[in-house]
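Worksheet for the structure shown next.
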Number of protein chains: 4
Amino acid sequence: MVLQVDLNCDMGESFGAYTIGSDEEIISSITSANIACGFHAGDPTTMRKTVRLSLDHSVSIGAHPGFDDLSGFGRRNMTLSVEEVYDLVTYQIGALNGFVISEGGVLHHVKPHGALYNSAAVNKEMAESIARAVYKVNPELILYGLSGSELITAGKKHGLRTASEVFADRTYQVDGTLTPRTKENALIKNKDDAVKQVLNMVKKQKVTTTSGIEIPITANTICIHGDGENAAKFAKKIHYALHEHEISVKSM
Amino acid sequence: MVLQVDLNCDMGESFGAYTIGSDEEIISSITSANIACGFHAGDPTTMRKTVRLSLDHSVSIGAHPGFDDLSGFGRRNMTLSVEEVYDLVTYQIGALNGFVISEGGVLHHVKPHGALYNSAAVNKEMAESIARAVYKVNPELILYGLSGSELITAGKKHGLRTASEVFADRTYQVDGTLTPRTKENALIKNKDDAVKQVLNMVKKQKVTTTSGIEIPITANTICIHGDGENAAKFAKKIHYALHEHEISVKSM
Amino acid sequence: MVLQVDLNCDMGESFGAYTIGSDEEIISSITSANIACGFHAGDPTTMRKTVRLSLDHSVSIGAHPGFDDLSGFGRRNMTLSVEEVYDLVTYQIGALNGFVISEGGVLHHVKPHGALYNSAAVNKEMAESIARAVYKVNPELILYGLSGSELITAGKKHGLRTASEVFADRTYQVDGTLTPRTKENALIKNKDDAVKQVLNMVKKQKVTTTSGIEIPITANTICIHGDGENAAKFAKKIHYALHEHEISVKSM
Amino acid sequence: MVLQVDLNCDMGESFGAYTIGSDEEIISSITSANIACGFHAGDPTTMRKTVRLSLDHSVSIGAHPGFDDLSGFGRRNMTLSVEEVYDLVTYQIGALNGFVISEGGVLHHVKPHGALYNSAAVNKEMAESIARAVYKVNPELILYGLSGSELITAGKKHGLRTASEVFADRTYQVDGTLTPRTKENALIKNKDDAVKQVLNMVKKQKVTTTSGIEIPITANTICIHGDGENAAKFAKKIHYALHEHEISVKSM
């Protein structure tokens, strides 16, 4: 059997005169683009250009909906009702899909952003609301969420295909959750160690936790960070390492 | 031959805690709803509810995109580039379409709002940009615009079906344009006179201008205002009068 | 000794084409206006007009800062950092003060809005951040907060004068907190009972709780709701009752 | 007599996660900072930090109000009424002033941004509306505007002190206006030529136009661009050249 994994990256997070990310450099190393939909980041022109860029590189396009909080970049939690989250997600998938259709593509997946992603990982009601919203717009869409999270559970329950996401440069705790960023050992700073973790997760579907114990993990897609100085370089490095180990890099 | 006309109304213009319009009252008198898409008015929850309301009453649903100017209700002109207008319109059509698909309906038409509508009526470049944006999302969509305007011309040129819009309570000048609101005789305040103008426009495709001369006009759809105290009552009155004159009231 | 109390009301919460509240009717019954500052509600023109209205009626003017969440009317909690809350409050006080100075008045107080008010009532860090922001802009400003709340404690600690706010139409629990709106007996629907509670609170600085026990309460200012059908009528009724009982109605 | 000139730069135009400009580098070369007020750019936290940075470097602080158009960075014209412009400017001056007072400083000037600046240069009504708004908040504020523009005329008429602004790297036409950016010779790309133009303007209050004719110009303050790769370097170069020619660089 041929091993396979997807490399996804948040894209199109520029806004008007403001630029974030190095989309044009990183696009050639990834297989899935999660494109911001105008709420936490992204404006209509940026969205169209990022959709075009993705299609030109045969990268699968996903909607990347977030809270309506541009000044907080969608990273601050907001206590929305289940209904408000449902409508927020429907709106943003629709908006991005407008550009995808207009440019001749097909929408492939949905991955919530920032605080919405984190909330959907642990809050069952939020997770189900998002899964229902995605399903109602298009049951063929793949729902991306944190591996082992409520969002993945909710997606499966509602009949969606799901992609369990793992992180190259974050450490895992023995219960399978990510080590909180407030802790010192939250990040894997050595790039080679990060690559090693990725290979381990993809080949064995296991991860070595901070306590040294190895636990099982589902790794369908790897999150690549698009900002930071060496983002594009690191993406290329991971892509190359996977290729070297005869792991097929492609979207689901 | 059976005469036929459409009655359209701007809907879903409430926002969060703020309410505008009496959508639930007026919905039973109209055949097309132009639903605000979150830029000049409307929020995701209002959009979903208004789409649902329209489907429940078999009213055709249109996207009603406007400038990104909530505090000005989309009524203030903004000097956007042709590309920005194209993207603005694509985004908003997509966003509304998300709710239409989610609720099991089909998007029927697009009618620009306020200052964007007025700009598209006289500015050929803007008109063409909007027509292209609509066509690229879905060539089956009908483009609503001011009768005799650049927008109708652009829609036809780009292969779209168009609906020429006329007003019940606005007077027309001898060159076919609406009398500016700054002039005293811009509005037809007497409801019976307004109904009479409507009947004349639909039956004869002519309108008597402020100078007394009758000129030809294309009247596919009549704009009903949804705000104002007696909006619902007036909508009902027009609907009834059309029915009395054996004019079929339905969307295109 | 002459008894005295302040009647405050949230004002200037309209936005662009959207109207909320009946400011012009209610202004003559109150002594303090908390004016929205453009984040949860209010736009520059509404702010200037509401400042003018308040000055014309000799009503004390307060800034009414809220979360940056127009679509949620500032009623949804947002997890901001202490620093972000400090800056949010400073900005909004400054913006309103621009209009107060421009119109020849003097800013009198600050009362946080909605979810920010609720958060400041129980979260000590948030409360202190708000108190510091107010003090740094002007140590003469009076801080309005829920009677018995962390915000009142923080205001005193930082050297501000404070106004303890009580509610006419909300019931209190035996621990001094408001009965949550989710409970059936949260609201006092009978207007006469509401007036009776107000008189009791002002005259005896006590309130009868839902368990029948009377507890002490500090009542410097009474919150009058500005929306709802009979808001203006009820404001007038309370004002009249206080006057009848020889309680001086004026701002601090 | 000692010659004197001010060097001003637009500052604090970052927003949330988005960064624009190199404020910390350029601050030591300028004497006036025009700080964005949250409408076209800037968020409360950025505003406070930029005020603090300016005070720490003894740089005079000005409000830099713009249109409410974050996605267009305030560079797109909006057809606001005279009253709306008045309120827009009052709001933004007030908001910035909140931070200036809070940090222990004194607001020094006001310079409109982008499309509002351009509109105020040629539109007498807009210019007068802005001048009145500034005067009503504080008649001691200095109004910065394009040298020879309607805004300078309006400021003087309304009793404000004014600062006539000239550009180092833009060419001038024989009628005293800037060569439009659409023309090839609009920019002075050679840094030495730009410095030469500045020295000429400050020492002789004259500028050599694109037609070769020298015309009089009032040069109280020179606009330094804060973005672009070598902005800080060029600011330092101009500052040094002025110093070499014994021209005192300080704010008015």
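Residue numbers start at 1 in each chain; chains themselves are named A, B, ... in the order of the structure tokens; ligands are numbered from 1 in the order shown.
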At most 8 Å to chain C: residues in chain D, only C-alpha atoms, as a list in words: Pro44, Thr45, Arg48, Glu83, Glu84, Asp87, Leu88, Thr90, Tyr91, Gln92, Ile93, Gly94, Ala95, Leu96, Asn97, Gly98, Phe99, Ile101, Ser102, Glu103, Ala133, Lys136, Val137 and Asn138 of chain D
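These are the residues of range 84-134 of chain C assigned strand (DSSP E) by DSSP from backbone coordinates: Leu107, His108, His109 and Val110 of chain C.
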Polymer residues at most 8 Å from Asn8 in chain C, only C-alpha atoms, same-chain spacing of 3 or more positions, as a PyMOL selection string: chain C and resi 30-34+221-224
Shell around His245 in chain B at 12 Å using only C-alpha atoms, local window under 3 positions removed, as a PyMOL selection string: chain B and resi 2-5+195-196+198-200+202-203+238-242+248-249
Output all heavy atoms for every residue in that selection, as a short mmCIF file (atom, residue, chain, number, x, y, z; two decimals), in the first residue's frame.
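Saved file part_35.cif follows:
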data_model
loop_
_atom_site.label_atom_id
_atom_site.label_comp_id
_atom_site.auth_asym_id
_atom_site.auth_seq_id
_atom_site.Cartn_x
_atom_site.Cartn_y
_atom_site.Cartn_z
N VAL B 2 -51.20 37.08 -22.71
CA VAL B 2 -51.41 37.49 -21.32
C VAL B 2 -50.29 38.43 -20.89
O VAL B 2 -49.11 38.13 -21.06
CB VAL B 2 -51.42 36.25 -20.39
CG1 VAL B 2 -51.58 36.70 -18.94
CG2 VAL B 2 -52.54 35.31 -20.78
N LEU B 3 -50.67 39.58 -20.35
CA LEU B 3 -49.68 40.51 -19.82
C LEU B 3 -49.14 39.97 -18.51
O LEU B 3 -49.85 39.31 -17.75
CB LEU B 3 -50.31 41.88 -19.60
CG LEU B 3 -50.51 42.71 -20.87
CD1 LEU B 3 -51.26 43.98 -20.53
CD2 LEU B 3 -49.16 43.01 -21.51
N GLN B 4 -47.88 40.31 -18.22
CA GLN B 4 -47.24 39.76 -17.03
C GLN B 4 -46.23 40.78 -16.49
O GLN B 4 -45.58 41.50 -17.25
CB GLN B 4 -46.52 38.47 -17.44
CG GLN B 4 -45.56 37.95 -16.40
CD GLN B 4 -44.84 36.70 -16.88
OE1 GLN B 4 -45.34 35.97 -17.73
NE2 GLN B 4 -43.66 36.48 -16.35
N VAL B 5 -46.11 40.82 -15.18
CA VAL B 5 -45.10 41.69 -14.57
C VAL B 5 -44.66 41.10 -13.24
O VAL B 5 -45.39 40.32 -12.62
CB VAL B 5 -45.63 43.14 -14.39
CG1 VAL B 5 -46.55 43.26 -13.19
CG2 VAL B 5 -44.46 44.12 -14.28
N VAL B 195 -50.59 53.80 -8.78
CA VAL B 195 -51.16 52.58 -9.36
C VAL B 195 -51.45 52.79 -10.84
O VAL B 195 -51.18 51.93 -11.68
CB VAL B 195 -52.44 52.17 -8.60
CG1 VAL B 195 -53.19 51.08 -9.37
CG2 VAL B 195 -52.09 51.70 -7.19
N LYS B 196 -51.99 53.96 -11.14
CA LYS B 196 -52.32 54.29 -12.54
C LYS B 196 -51.07 54.26 -13.41
O LYS B 196 -51.09 53.75 -14.53
CB LYS B 196 -52.96 55.69 -12.56
CG LYS B 196 -53.89 55.96 -13.72
CD LYS B 196 -54.60 57.30 -13.55
CE LYS B 196 -54.73 58.01 -14.91
NZ LYS B 196 -55.08 59.44 -14.73
N VAL B 198 -48.37 52.57 -12.86
CA VAL B 198 -47.95 51.17 -12.99
C VAL B 198 -48.74 50.47 -14.09
O VAL B 198 -48.17 49.81 -14.97
CB VAL B 198 -48.11 50.41 -11.66
CG1 VAL B 198 -48.02 48.91 -11.87
CG2 VAL B 198 -47.05 50.88 -10.65
N LEU B 199 -50.05 50.63 -14.04
CA LEU B 199 -50.90 49.97 -15.03
C LEU B 199 -50.56 50.43 -16.45
O LEU B 199 -50.48 49.62 -17.37
CB LEU B 199 -52.37 50.24 -14.72
CG LEU B 199 -52.89 49.58 -13.42
CD1 LEU B 199 -54.30 50.07 -13.10
CD2 LEU B 199 -52.87 48.05 -13.56
N ASN B 200 -50.32 51.72 -16.56
CA ASN B 200 -49.98 52.28 -17.87
C ASN B 200 -48.67 51.68 -18.38
O ASN B 200 -48.54 51.30 -19.54
CB ASN B 200 -49.84 53.81 -17.71
CG ASN B 200 -50.01 54.52 -19.05
OD1 ASN B 200 -50.78 54.09 -19.90
ND2 ASN B 200 -49.26 55.61 -19.23
N VAL B 202 -47.21 48.86 -17.53
CA VAL B 202 -47.27 47.42 -17.83
C VAL B 202 -48.10 47.15 -19.08
O VAL B 202 -47.70 46.35 -19.94
CB VAL B 202 -47.83 46.64 -16.62
CG1 VAL B 202 -47.95 45.16 -16.97
CG2 VAL B 202 -46.96 46.86 -15.40
N LYS B 203 -49.23 47.84 -19.18
CA LYS B 203 -50.13 47.55 -20.31
C LYS B 203 -49.64 48.13 -21.63
O LYS B 203 -49.76 47.50 -22.67
CB LYS B 203 -51.53 48.10 -20.02
CG LYS B 203 -52.25 47.30 -18.94
CD LYS B 203 -53.47 48.04 -18.43
CE LYS B 203 -54.75 47.47 -18.99
NZ LYS B 203 -55.94 48.02 -18.27
N ILE B 238 -51.19 47.50 -5.15
CA ILE B 238 -50.69 47.35 -6.51
C ILE B 238 -50.96 45.93 -7.02
O ILE B 238 -51.43 45.72 -8.15
CB ILE B 238 -49.17 47.65 -6.60
CG1 ILE B 238 -48.93 49.15 -6.46
CG2 ILE B 238 -48.57 47.12 -7.90
CD1 ILE B 238 -47.52 49.59 -6.78
N HIS B 239 -50.65 44.96 -6.17
CA HIS B 239 -50.88 43.56 -6.55
C HIS B 239 -52.34 43.36 -6.95
O HIS B 239 -52.65 42.73 -7.97
CB HIS B 239 -50.50 42.65 -5.36
CG HIS B 239 -50.33 41.22 -5.75
ND1 HIS B 239 -49.22 40.49 -5.46
CD2 HIS B 239 -51.15 40.38 -6.44
CE1 HIS B 239 -49.34 39.27 -5.94
NE2 HIS B 239 -50.52 39.18 -6.53
N TYR B 240 -53.23 43.90 -6.15
CA TYR B 240 -54.67 43.75 -6.40
C TYR B 240 -55.08 44.42 -7.72
O TYR B 240 -55.82 43.84 -8.52
CB TYR B 240 -55.46 44.36 -5.23
CG TYR B 240 -56.93 44.22 -5.35
CD1 TYR B 240 -57.58 43.00 -5.09
CD2 TYR B 240 -57.72 45.29 -5.76
CE1 TYR B 240 -58.94 42.86 -5.22
CE2 TYR B 240 -59.10 45.18 -5.90
CZ TYR B 240 -59.70 43.96 -5.63
OH TYR B 240 -61.06 43.83 -5.76
N ALA B 241 -54.56 45.64 -7.93
CA ALA B 241 -54.91 46.38 -9.16
C ALA B 241 -54.45 45.62 -10.40
O ALA B 241 -55.17 45.55 -11.40
CB ALA B 241 -54.28 47.77 -9.11
N LEU B 242 -53.25 45.07 -10.33
CA LEU B 242 -52.73 44.30 -11.48
C LEU B 242 -53.62 43.09 -11.74
O LEU B 242 -53.98 42.79 -12.90
CB LEU B 242 -51.28 43.86 -11.21
CG LEU B 242 -50.24 44.99 -11.20
CD1 LEU B 242 -48.93 44.52 -10.55
CD2 LEU B 242 -49.99 45.51 -12.62
N SER B 248 -50.87 39.16 -15.16
CA SER B 248 -50.32 38.08 -14.34
C SER B 248 -49.11 38.61 -13.56
O SER B 248 -48.18 39.16 -14.14
CB SER B 248 -49.90 36.94 -15.28
OG SER B 248 -49.19 35.97 -14.54
N VAL B 249 -49.13 38.44 -12.24
CA VAL B 249 -48.03 38.90 -11.41
C VAL B 249 -47.14 37.71 -11.08
O VAL B 249 -47.52 36.84 -10.30
CB VAL B 249 -48.54 39.56 -10.11
CG1 VAL B 249 -47.36 40.04 -9.26
CG2 VAL B 249 -49.47 40.72 -10.43
#
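For the residues B:Ser211, B:Ala186, B:Gly148, B:Lys204, ranking by smallest atom-to-atom distance to Val174 in chain B using only C-alpha atoms places B:Ser211 first.
Closest approach to Ala120 in chain A among A:Ile142, A:Ile61, A:Ala219, A:Ala154 is made by A:Ala154 (distances from only C-alpha atoms).
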Surrounding residues of Gly16 in chain C excluding itself and chain neighbours under 2 positions, 7 Å, only C-alpha atoms, as a VMD selection string: (chain B and resid 71 to 73) or (chain C and resid 14 18 43)
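Considering only range 213-252 of chain A, backbone DSSP assigns helix (DSSP H, G or I) to Ala231, Ala232, Lys233, Phe234, Ala235, Lys236, Lys237, Ile238, His239, Tyr240, Ala241, Leu242, His243 and Glu244 of chain A.
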